[in-house]
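Here's query14.cif, which has mmCIF, C-alpha atoms:
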```
data_protein
loop_
_atom_site.label_atom_id
_atom_site.label_comp_id
_atom_site.auth_asym_id
_atom_site.auth_seq_id
_atom_site.Cartn_x
_atom_site.Cartn_y
_atom_site.Cartn_z
CA MET Y 829 15.72 80.40 -34.57
CA ASN Y 830 15.33 84.12 -33.87
CA TYR Y 831 12.12 85.12 -32.17
CA LYS Y 832 10.95 87.75 -29.74
CA LYS Y 833 10.03 87.48 -26.10
CA ILE Y 834 7.06 89.31 -24.69
CA ILE Y 835 7.14 92.39 -22.50
CA LEU Y 836 5.37 92.09 -19.16
CA ILE Y 837 3.55 95.10 -17.78
CA GLY Y 838 3.91 96.02 -14.15
CA PHE Y 839 0.69 94.77 -12.61
CA LEU Y 840 2.64 93.16 -9.82
CA SER Y 841 3.78 96.60 -8.73
CA ILE Y 842 0.26 97.87 -8.00
CA PHE Y 843 -0.65 98.24 -4.35
CA LEU Y 844 -3.86 99.66 -2.90
CA PHE Y 845 -3.74 101.91 0.15
CA SER Y 846 -6.71 101.88 2.51
CA CYS Y 847 -7.87 104.82 4.59
CA ASN Y 848 -6.93 102.91 7.74
CA ASP Y 849 -3.26 102.54 6.77
CA THR Y 850 -0.82 104.28 9.08
CA PHE Y 851 1.87 106.55 7.63
CA LYS Y 852 4.41 103.87 8.55
CA GLU Y 853 2.41 101.22 6.69
CA ILE Y 854 1.94 103.47 3.65
CA GLY Y 855 5.67 104.18 3.65
CA ARG Y 856 6.39 100.46 3.73
CA LYS Y 857 4.02 99.82 0.83
CA LEU Y 858 5.54 102.64 -1.18
CA ARG Y 859 9.00 101.15 -0.68
CA ILE Y 860 7.69 97.76 -1.80
CA LYS Y 861 6.07 99.40 -4.81
CA LYS Y 862 9.34 101.09 -5.71
CA VAL Y 863 11.22 97.79 -5.50
CA LYS Y 864 8.56 96.05 -7.60
CA ASN Y 865 8.71 98.82 -10.20
CA GLU Y 866 12.50 98.59 -10.35
CA GLU Y 867 12.25 94.83 -10.70
CA MET Y 868 9.73 95.04 -13.54
CA GLU Y 869 11.66 97.82 -15.27
CA LYS Y 870 14.85 95.79 -15.18
CA TYR Y 871 13.10 92.62 -16.29
CA ASN Y 872 11.47 94.36 -19.25
CA SER Y 873 14.80 95.92 -20.13
CA TYR Y 874 16.27 92.43 -20.34
CA ILE Y 875 13.39 91.37 -22.57
CA GLU Y 876 14.07 94.35 -24.84
CA ILE Y 877 17.75 93.37 -24.99
CA HIS Y 878 16.71 89.82 -25.89
CA ASN Y 879 14.58 91.16 -28.74
CA ASN Y 880 17.37 93.52 -29.86
CA LEU Y 881 19.73 90.54 -30.03
CA THR Y 882 17.13 88.72 -32.12
CA ASN Y 883 17.15 91.59 -34.62
CA ILE Y 884 20.96 91.61 -34.66
CA GLU Y 885 21.07 87.87 -35.28
CA ASN Y 886 18.57 88.18 -38.12
CA GLU Y 887 20.95 90.64 -39.78
CA ILE Y 888 23.90 88.35 -39.08
CA SER Y 889 22.04 85.48 -40.77
CA LYS Y 890 21.45 87.60 -43.87
CA TYR Y 891 25.14 88.50 -44.01
CA ILE Y 892 26.30 84.90 -43.53
CA ASP Y 893 23.87 83.70 -46.19
CA VAL Y 894 25.83 85.64 -48.81
CA ALA Y 895 29.32 85.88 -47.28
CA GLY Y 896 29.44 82.32 -45.96
CA GLU Y 897 30.82 80.94 -42.71
CA GLY Y 898 34.05 79.65 -44.22
CA LYS Y 899 37.45 81.28 -43.84
CA GLU Y 900 37.25 82.67 -47.36
CA ILE Y 901 34.58 85.26 -48.01
CA ASN Y 902 32.20 84.33 -50.83
CA VAL Y 903 33.39 86.97 -53.27
CA GLN Y 904 31.47 85.46 -56.16
CA GLU Y 905 28.14 85.74 -54.34
CA MET Y 906 28.93 89.10 -52.73
CA GLY Y 907 30.02 90.57 -56.03
CA THR Y 908 26.59 90.05 -57.58
CA LEU Y 909 24.82 92.12 -54.94
CA GLU Y 910 23.95 95.76 -55.40
CA SER Y 911 24.13 96.25 -51.64
CA ILE Y 912 25.80 94.02 -49.05
CA PRO Y 913 23.74 93.07 -45.96
CA VAL Y 914 24.95 95.07 -42.98
CA ILE Y 915 24.79 94.31 -39.27
CA LYS Y 916 23.72 97.26 -37.15
CA ILE Y 917 24.25 97.09 -33.40
CA ASP Y 918 22.65 100.05 -31.67
CA ASN Y 919 24.67 101.48 -28.83
CA ALA Y 920 21.46 101.56 -26.79
CA VAL Y 921 21.66 97.77 -26.40
CA ILE Y 922 25.07 98.08 -24.81
CA GLN Y 923 23.87 100.91 -22.59
CA LYS Y 924 20.91 98.83 -21.39
CA LEU Y 925 23.21 95.94 -20.52
CA GLU Y 926 25.52 98.26 -18.60
CA LYS Y 927 22.60 99.83 -16.73
CA ASN Y 928 21.14 96.46 -15.75
CA ILE Y 929 24.51 95.17 -14.56
CA LYS Y 930 24.93 98.25 -12.34
CA SER Y 931 21.35 98.15 -11.06
CA LYS Y 932 20.93 97.81 -7.30
CA PHE Y 933 18.16 95.28 -7.89
CA LYS Y 934 19.95 92.02 -8.59
CA MET Y 935 18.98 89.20 -10.92
CA GLU Y 936 22.08 87.14 -10.30
CA LYS Y 937 22.00 84.66 -13.17
CA LEU Y 938 20.87 87.20 -15.74
CA ASP Y 939 23.36 89.77 -14.48
CA ASN Y 940 26.22 87.28 -14.68
CA SER Y 941 25.31 86.24 -18.22
CA SER Y 942 25.11 89.94 -19.13
CA LYS Y 943 28.61 90.53 -17.77
CA ARG Y 944 29.92 87.79 -20.03
CA LEU Y 945 27.97 89.05 -23.04
CA LEU Y 946 28.79 92.76 -22.76
CA PRO Y 947 32.50 92.82 -23.72
CA ILE Y 948 31.93 90.40 -26.60
CA LEU Y 949 29.01 92.47 -27.90
CA LYS Y 950 31.26 95.54 -27.82
CA GLU Y 951 33.88 93.66 -29.84
CA LEU Y 952 31.24 92.56 -32.32
CA LYS Y 953 29.92 96.10 -32.67
CA ALA Y 954 33.40 97.42 -33.42
CA VAL Y 955 33.89 95.03 -36.33
CA THR Y 956 30.32 95.30 -37.67
CA ASP Y 957 30.57 99.10 -37.59
CA SER Y 958 33.72 98.80 -39.70
CA MET Y 959 31.92 96.43 -42.07
CA THR Y 960 28.97 98.81 -42.39
CA ASN Y 961 31.31 101.71 -43.14
CA TYR Y 962 33.36 99.67 -45.63
CA TYR Y 963 30.43 98.33 -47.62
CA GLY Y 964 28.45 101.54 -47.26
CA LYS Y 965 31.22 103.46 -49.01
CA LYS Y 966 31.48 100.73 -51.68
CA GLU Y 967 35.18 100.31 -50.91
CA HIS Y 968 34.91 96.62 -51.83
CA LEU Y 969 34.51 97.65 -55.45
CA ALA Y 970 37.89 99.36 -55.36
CA ASP Y 971 39.95 96.80 -53.44
CA GLY Y 972 38.29 93.60 -54.65
CA PHE Y 973 37.10 92.67 -51.14
CA ALA Y 974 40.66 92.73 -49.72
CA LYS Y 975 39.62 94.59 -46.58
CA GLY Y 976 36.31 92.75 -46.67
CA GLN Y 977 38.19 89.47 -46.25
CA GLN Y 978 40.04 90.82 -43.23
CA LEU Y 979 36.81 92.10 -41.67
CA HIS Y 980 35.09 88.80 -42.41
CA THR Y 981 37.85 86.87 -40.65
CA ASN Y 982 37.65 89.13 -37.60
CA PHE Y 983 33.87 88.90 -37.59
CA LEU Y 984 33.85 85.08 -37.60
CA LYS Y 985 36.29 84.91 -34.69
CA ILE Y 986 34.11 87.14 -32.57
CA TYR Y 987 30.80 85.73 -33.80
CA LYS Y 988 31.48 82.25 -32.42
CA ARG Y 989 32.08 83.64 -28.93
CA TYR Y 990 29.16 86.04 -29.27
CA LYS Y 991 26.78 83.22 -30.24
CA GLU Y 992 27.74 81.20 -27.18
CA SER Y 993 27.28 84.11 -24.79
CA SER Y 994 24.09 85.28 -26.51
CA ASP Y 995 22.55 81.80 -26.31
CA ALA Y 996 23.43 81.58 -22.62
CA PHE Y 997 21.91 85.02 -22.00
CA LYS Y 998 18.72 84.08 -23.85
CA MET Y 999 18.42 80.90 -21.82
CA GLU Y 1000 18.52 82.91 -18.60
CA VAL Y 1001 15.93 85.31 -20.00
CA ALA Y 1002 13.68 82.35 -20.82
CA ASN Y 1003 14.04 80.97 -17.30
CA LYS Y 1004 13.27 84.33 -15.72
CA SER Y 1005 10.36 84.81 -18.12
CA LYS Y 1006 8.71 81.59 -16.97
CA GLU Y 1007 9.15 82.60 -13.35
CA ARG Y 1008 7.71 86.07 -13.89
CA MET Y 1009 4.87 84.83 -16.05
CA GLN Y 1010 3.63 82.50 -13.33
CA LYS Y 1011 3.46 85.40 -10.88
CA ILE Y 1012 1.62 87.54 -13.41
CA LEU Y 1013 -0.93 84.79 -14.03
CA GLU Y 1014 -1.57 84.40 -10.32
CA THR Y 1015 -2.15 88.14 -10.01
CA TYR Y 1016 -4.58 88.27 -12.95
CA LYS Y 1017 -6.49 85.29 -11.60
CA ASN Y 1018 -6.75 86.73 -8.09
CA GLU Y 1019 -7.98 90.12 -9.30
CA GLY Y 1020 -10.47 88.62 -11.76
CA SER Y 1021 -8.76 89.93 -14.90
CA LEU Y 1022 -9.95 87.04 -17.04
CA ILE Y 1023 -9.09 88.62 -20.39
CA LYS Y 1024 -5.50 89.34 -19.40
CA TYR Y 1025 -5.27 85.92 -17.77
CA ASN Y 1026 -6.41 84.06 -20.88
CA LEU Y 1027 -4.46 86.34 -23.20
CA THR Y 1028 -1.27 85.63 -21.26
CA ILE Y 1029 -1.88 81.88 -21.39
CA LEU Y 1030 -2.51 82.19 -25.13
CA ILE Y 1031 0.71 84.06 -25.90
CA ASN Y 1032 2.58 81.59 -23.69
CA SER Y 1033 1.16 78.74 -25.75
CA CYS Y 1034 2.28 80.43 -28.95
CA GLU Y 1035 5.75 80.95 -27.55
CA ASP Y 1036 5.86 77.33 -26.41
CA PHE Y 1037 5.21 76.20 -29.99
CA VAL Y 1038 8.09 78.34 -31.22
CA ASP Y 1039 10.25 76.99 -28.40
CA LYS Y 1040 9.46 73.46 -29.56
CA MET Y 1041 10.64 74.41 -33.05
CA ASP Y 1042 13.79 75.97 -31.63
CA ASN Y 1043 14.57 72.98 -29.40
CA GLN Y 1044 14.34 70.67 -32.40
CA LYS Y 1045 16.72 72.92 -34.36
CA ILE Y 1046 14.14 73.16 -37.11
CA SER Y 1047 15.23 75.17 -40.14
CA MET Y 1048 14.10 75.72 -43.72
CA THR Y 1049 15.91 72.57 -44.81
CA THR Y 1050 15.07 70.29 -41.88
CA PHE Y 1051 11.60 71.26 -40.70
CA ILE Y 1052 9.78 68.41 -42.44
CA LYS Y 1053 11.71 66.06 -40.13
CA GLY Y 1054 10.23 67.70 -37.03
CA ASP Y 1055 8.76 65.74 -34.12
CA LEU Y 1056 5.11 65.76 -35.17
CA GLY Y 1057 3.78 64.51 -31.83
CA LYS Y 1058 5.28 67.32 -29.74
CA LEU Y 1059 4.42 69.98 -32.29
CA LYS Y 1060 0.80 68.87 -32.66
CA LYS Y 1061 0.36 68.86 -28.89
CA ALA Y 1062 1.75 72.40 -28.73
CA GLN Y 1063 -0.59 73.40 -31.57
CA GLN Y 1064 -3.58 71.98 -29.70
CA ASN Y 1065 -2.60 74.03 -26.65
CA ILE Y 1066 -2.72 77.15 -28.83
CA LEU Y 1067 -6.18 76.28 -30.12
CA THR Y 1068 -7.49 75.58 -26.61
CA ALA Y 1069 -6.03 78.80 -25.23
CA SER Y 1070 -7.38 80.73 -28.21
CA ALA Y 1071 -10.90 79.38 -27.64
CA ASN Y 1072 -10.76 80.37 -23.96
CA PHE Y 1073 -9.53 83.84 -24.89
CA GLN Y 1074 -12.34 84.35 -27.42
CA LYS Y 1075 -14.84 83.29 -24.77
CA ALA Y 1076 -13.41 85.80 -22.30
CA ILE Y 1077 -13.54 88.76 -24.70
CA ALA Y 1078 -17.13 87.95 -25.66
CA ASN Y 1079 -18.16 89.11 -22.18
CA GLU Y 1080 -19.11 92.80 -22.46
CA LYS Y 1081 -18.87 93.39 -18.71
CA GLN Y 1082 -15.38 91.91 -18.62
CA LEU Y 1083 -14.29 94.09 -21.53
CA LYS Y 1084 -15.47 97.17 -19.68
CA LYS Y 1085 -13.90 96.05 -16.41
CA GLU Y 1086 -10.47 95.58 -18.00
CA ASN Y 1087 -10.82 98.64 -20.25
CA TYR Y 1088 -10.48 96.85 -23.58
CA THR Y 1089 -12.05 97.97 -26.84
CA LYS Y 1090 -13.22 95.60 -29.54
CA GLU Y 1091 -11.14 97.52 -32.08
CA LYS Y 1092 -7.86 96.82 -30.27
CA LEU Y 1093 -8.77 93.19 -29.78
CA GLU Y 1094 -9.65 92.81 -33.46
CA ILE Y 1095 -6.12 93.87 -34.43
CA PHE Y 1096 -4.67 91.19 -32.18
CA ASN Y 1097 -7.17 88.57 -33.36
CA LYS Y 1098 -6.34 89.26 -36.98
CA GLN Y 1099 -2.65 88.56 -36.37
CA LEU Y 1100 -3.53 85.57 -34.19
CA ALA Y 1101 -5.45 84.08 -37.10
CA GLU Y 1102 -2.42 84.61 -39.36
CA PHE Y 1103 -0.16 82.85 -36.87
CA GLU Y 1104 -2.57 79.95 -36.36
CA LYS Y 1105 -2.90 79.54 -40.13
CA SER Y 1106 0.88 79.43 -40.55
CA VAL Y 1107 1.18 76.85 -37.77
CA THR Y 1108 -1.55 74.72 -39.38
CA ILE Y 1109 0.21 74.73 -42.76
CA PHE Y 1110 3.52 74.02 -41.03
CA ILE Y 1111 2.06 70.94 -39.31
CA ARG Y 1112 0.39 69.82 -42.54
CA GLU Y 1113 3.71 69.94 -44.41
CA ILE Y 1114 5.34 67.75 -41.78
CA GLU Y 1115 2.44 65.30 -41.96
CA LYS Y 1116 2.72 65.12 -45.74
CA SER Y 1117 6.47 64.55 -45.53
CA LYS Y 1118 5.94 61.46 -43.38
CA LEU Y 1119 4.20 59.84 -46.35
CA MET Y 1120 6.87 60.82 -48.87
CA SER Y 1121 9.93 58.87 -49.95
CA LYS Y 1122 13.43 60.20 -49.31
CA SER Y 1123 13.86 61.13 -52.97
CA GLU Y 1124 10.53 62.99 -52.98
CA ILE Y 1125 11.52 64.92 -49.87
CA GLU Y 1126 14.87 65.89 -51.40
CA LYS Y 1127 13.09 67.27 -54.47
CA LYS Y 1128 10.78 69.40 -52.35
CA VAL Y 1129 11.78 73.06 -52.48
CA TYR Y 1130 10.68 75.67 -49.95
CA THR Y 1131 11.30 79.39 -50.12
CA GLU Y 1132 11.41 81.77 -47.16
CA ASP Y 1133 8.23 83.60 -48.14
CA MET Y 1134 6.13 80.44 -48.44
CA ALA Y 1135 3.28 80.08 -45.93
CA GLY Y 1136 3.88 77.54 -43.20
CA THR Y 1137 7.67 77.43 -43.41
CA PRO Y 1138 9.68 77.92 -40.18
CA ASN Y 1139 10.57 81.45 -41.28
CA ASP Y 1140 6.92 82.25 -41.90
CA VAL Y 1141 5.86 80.89 -38.50
CA ILE Y 1142 8.53 82.99 -36.76
CA LYS Y 1143 7.61 86.07 -38.79
CA LYS Y 1144 3.93 85.72 -37.88
CA TYR Y 1145 4.81 85.01 -34.25
CA ASN Y 1146 7.00 88.10 -33.94
CA LYS Y 1147 4.18 90.25 -35.32
CA LEU Y 1148 1.80 88.63 -32.84
CA VAL Y 1149 4.16 89.48 -29.98
CA ASN Y 1150 4.21 93.11 -31.12
CA ASP Y 1151 0.41 93.21 -31.13
CA TYR Y 1152 0.30 91.51 -27.72
CA ASN Y 1153 2.69 94.06 -26.24
CA ASN Y 1154 0.63 96.90 -27.71
CA LEU Y 1155 -2.52 95.37 -26.28
CA MET Y 1156 -1.03 95.05 -22.81
CA ASN Y 1157 0.45 98.56 -22.64
#
```

Conversion result in C-alpha cells:
Amino acid sequence: MNYKKIILIGFLSIFLFSCNDTFKEIGRKLRIKKVKNEEMEKYNSYIEIHNNLTNIENEISKYIDVAGEGKEINVQEMGTLESIPVIKIDNAVIQKLEKNIKSKFKMEKLDNSSKRLLPILKELKAVTDSMTNYYGKKEHLADGFAKGQQLHTNFLKIYKRYKESSDAFKMEVANKSKERMQKILETYKNEGSLIKYNLTILINSCEDFVDKMDNQKISMTTFIKGDLGKLKKAQQNILTASANFQKAIANEKQLKKENYTKEKLEIFNKQLAEFEKSVTIFIREIEKSKLMSKSEIEKKVYTEDMAGTPNDVIKKYNKLVNDYNNLMN
C-alpha cells in the first residue's frame, strides 16, 4: 500500500528572546535553534524520501502489473502496449539519503536503515535506467524482448532486496513520525494554536485509517475481507477529529491569530470531504460483503477508478496530504 507521509513544519525550532536575555543566553538559544532547525530539516528530508519511494513503488507496481513477477517476462501482455511503464528514480533521492547519512545531527535508527537502503537503491536505479532507455528507444520491437528479459531478471533480483530495505526504512520513518508528531501537538496546545492542533490530529486520524488498511494487507482483491471493527473505529476517529477541526476554524479570532484564510481552508476541506466520502463507501462495501455468499463475492468486480476501493482511498488520502502540507507551509 503506497501512501505519503506528512511534512512537519518547524514550529519546534521557534524561540523567543526577551529584552532581559544576556548575550550568553541569547547565544545559547541561537545554538539550540540551529540544532532544532537541523533536526527538523533532516526529519522532513526523510519524509520527502519516504514519499519519493512511494512514487517509485507506484511505478514499480504498474510495471509488474504488465511484466509479471515470474522469471519469464510477460511478452504477450507487454507486446500489446503502445508504451511500456517505466520506473524513474530521481538522483535527488539518492543525494538526500547521502546527505542525511552524513549529517552531524544523528537519527540512529533512521540513519542505519538509510545506510542499508542506499546501495540497493543505487543498484535498482542502474537497472531501471537501463529499462527506461531500452523501452524508450523501442528496442524491444527489434529484439523481441530479448534484452528486456535480461533486464527483467536483473530487476527482480534487486527488487526483492529493495522491498525489504524500503519497508524497514518506512517503518523507522513511521516510528519517528509518531515521536515528532507528539512533540508538535504539545507545542500547538501550549501556544494556543487550536487550528493547527486540531488539523494535526485530523491528518493523523486519516493516516491511521490508511495504516489500518496497510496492516491488514488490504488490496483490490482482498479489501472486502477487511477487519470491519478496526476500520470503523478508525473512521469514527476521522469524523470526530473532523468535527473538532471545523469547530476550530469557525472561530474568526482564531483564524486571524493563526493567519489562516477561509479560501485556503476551503481547498483543504474540499479534499477532506472527498477522502471521507471514499472511506465511507469503502466501509459500506465491506459491510455489504459480510452479507454476501462466497460465490457472490467472487463474482464481484472492482476496478481501480471505482469510488471506495483501496486505490481510491489511497489516491484521495495522498491528495489530502498534499493539501495539508500546503496549508501548513

*Carefully work through the PyMOL selection byres ((chain Y and resi 1078) around 12) for this structure and note down the residues it includes, as an MDAnalysis selection string.*
chainID Y and resid 1022:1023 1071:1077 1079:1084 1088:1090 1093:1094

Would you compute an axis-aligned box for range 1107-1114 of chain Y, covering every atom listed for it in the file with 5 Å of margin on each side, and report centre and edge lengths in Å to one decimal as JSON?
```
{"center_x": 1.9, "center_y": 72.3, "center_z": -41.1, "size_x": 16.9, "size_y": 19.1, "size_z": 16.6}
```

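Here the PyMOL selection byres ((chain Y and resi 913) around 8) matches the residues Y:Glu887, Y:Lys890, Y:Tyr891, Y:Ser911, Y:Ile912, Y:Val914, Y:Ile915.
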
*Counting all atoms listed in the file, the residue of Y:Ala1069, Y:Leu1059, Y:Met999, Y:Met1156 that sits nearest Thr1108 in chain Y*: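 Ranked by minimum distance to Thr1108 in chain Y, first place goes to Y:Leu1059.
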
*Tell me which residues the PyMOL selection byres ((chain Y and resi 953-966) around 8) grabs here, as a PyMOL selection string.*
chain Y and resi 911-912+914-917+949-952+967-970+976+979+982-983

*Using all atoms listed in the file, which of Y:Glu876, Y:Glu900, Y:Asp971, Y:Asp1036 sits nearest Leu925 in chain Y?*
Y:Glu876

*When you draw a straight line from CA of Glu992 in chain Y to CA of Met906 in chain Y, how long is it in Å?*
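These two atoms are separated by 26.8 Å.
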
*Suppose you want the space between CA of Lys1143 in chain Y and CA of Lys1061 in chain Y; what is it in Å?*
21.1 Å

*By how many Å are CA of Gln923 in chain Y and CA of Val1001 in chain Y apart?*
17.7 Å

*Excluding Leu881 in chain Y and any residue of its chain fewer than 3 positions from it, enumerate the residues within 12 Å of it, using all atoms listed in the file, and give them as JSON, numbers by chain.*
{"Y": [829, 830, 831, 832, 833, 874, 875, 876, 877, 878, 884, 885, 886, 887, 888, 915, 916, 917, 918, 920, 921, 922, 925, 945, 946, 949, 952, 953, 990, 991, 993, 994, 995, 997, 998, 1001]}

Let's have the selection written as a PDB file, in the coordinates of the input, with C-alpha atoms.
```
ATOM      1  CA  MET Y 829      15.720  80.400 -34.570  1.00  0.00           C
ATOM      2  CA  ASN Y 830      15.330  84.120 -33.870  1.00  0.00           C
ATOM      3  CA  TYR Y 831      12.120  85.120 -32.170  1.00  0.00           C
ATOM      4  CA  LYS Y 832      10.950  87.750 -29.740  1.00  0.00           C
ATOM      5  CA  LYS Y 833      10.030  87.480 -26.100  1.00  0.00           C
ATOM      6  CA  TYR Y 874      16.270  92.430 -20.340  1.00  0.00           C
ATOM      7  CA  ILE Y 875      13.390  91.370 -22.570  1.00  0.00           C
ATOM      8  CA  GLU Y 876      14.070  94.350 -24.840  1.00  0.00           C
ATOM      9  CA  ILE Y 877      17.750  93.370 -24.990  1.00  0.00           C
ATOM     10  CA  HIS Y 878      16.710  89.820 -25.890  1.00  0.00           C
ATOM     11  CA  ILE Y 884      20.960  91.610 -34.660  1.00  0.00           C
ATOM     12  CA  GLU Y 885      21.070  87.870 -35.280  1.00  0.00           C
ATOM     13  CA  ASN Y 886      18.570  88.180 -38.120  1.00  0.00           C
ATOM     14  CA  GLU Y 887      20.950  90.640 -39.780  1.00  0.00           C
ATOM     15  CA  ILE Y 888      23.900  88.350 -39.080  1.00  0.00           C
ATOM     16  CA  ILE Y 915      24.790  94.310 -39.270  1.00  0.00           C
ATOM     17  CA  LYS Y 916      23.720  97.260 -37.150  1.00  0.00           C
ATOM     18  CA  ILE Y 917      24.250  97.090 -33.400  1.00  0.00           C
ATOM     19  CA  ASP Y 918      22.650 100.050 -31.670  1.00  0.00           C
ATOM     20  CA  ALA Y 920      21.460 101.560 -26.790  1.00  0.00           C
ATOM     21  CA  VAL Y 921      21.660  97.770 -26.400  1.00  0.00           C
ATOM     22  CA  ILE Y 922      25.070  98.080 -24.810  1.00  0.00           C
ATOM     23  CA  LEU Y 925      23.210  95.940 -20.520  1.00  0.00           C
ATOM     24  CA  LEU Y 945      27.970  89.050 -23.040  1.00  0.00           C
ATOM     25  CA  LEU Y 946      28.790  92.760 -22.760  1.00  0.00           C
ATOM     26  CA  LEU Y 949      29.010  92.470 -27.900  1.00  0.00           C
ATOM     27  CA  LEU Y 952      31.240  92.560 -32.320  1.00  0.00           C
ATOM     28  CA  LYS Y 953      29.920  96.100 -32.670  1.00  0.00           C
ATOM     29  CA  TYR Y 990      29.160  86.040 -29.270  1.00  0.00           C
ATOM     30  CA  LYS Y 991      26.780  83.220 -30.240  1.00  0.00           C
ATOM     31  CA  SER Y 993      27.280  84.110 -24.790  1.00  0.00           C
ATOM     32  CA  SER Y 994      24.090  85.280 -26.510  1.00  0.00           C
ATOM     33  CA  ASP Y 995      22.550  81.800 -26.310  1.00  0.00           C
ATOM     34  CA  PHE Y 997      21.910  85.020 -22.000  1.00  0.00           C
ATOM     35  CA  LYS Y 998      18.720  84.080 -23.850  1.00  0.00           C
ATOM     36  CA  VAL Y1001      15.930  85.310 -20.000  1.00  0.00           C
TER      37      VAL Y1001
END
```

*Looking at all atoms listed in the file, which of Y:Met1134, Y:Ser942, Y:Gln1063, Y:Ser1117 is the one that sits closest to Ser1033 in chain Y?*
Y:Gln1063

*So, counting all atoms listed in the file, which residue among Y:Lys1092, Y:Lys932, Y:Lys1118, Y:Arg1112 is closest to Asn1154 in chain Y?*
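Checking each candidate against Asn1154 in chain Y, we get Y:Lys1092 as the closest.
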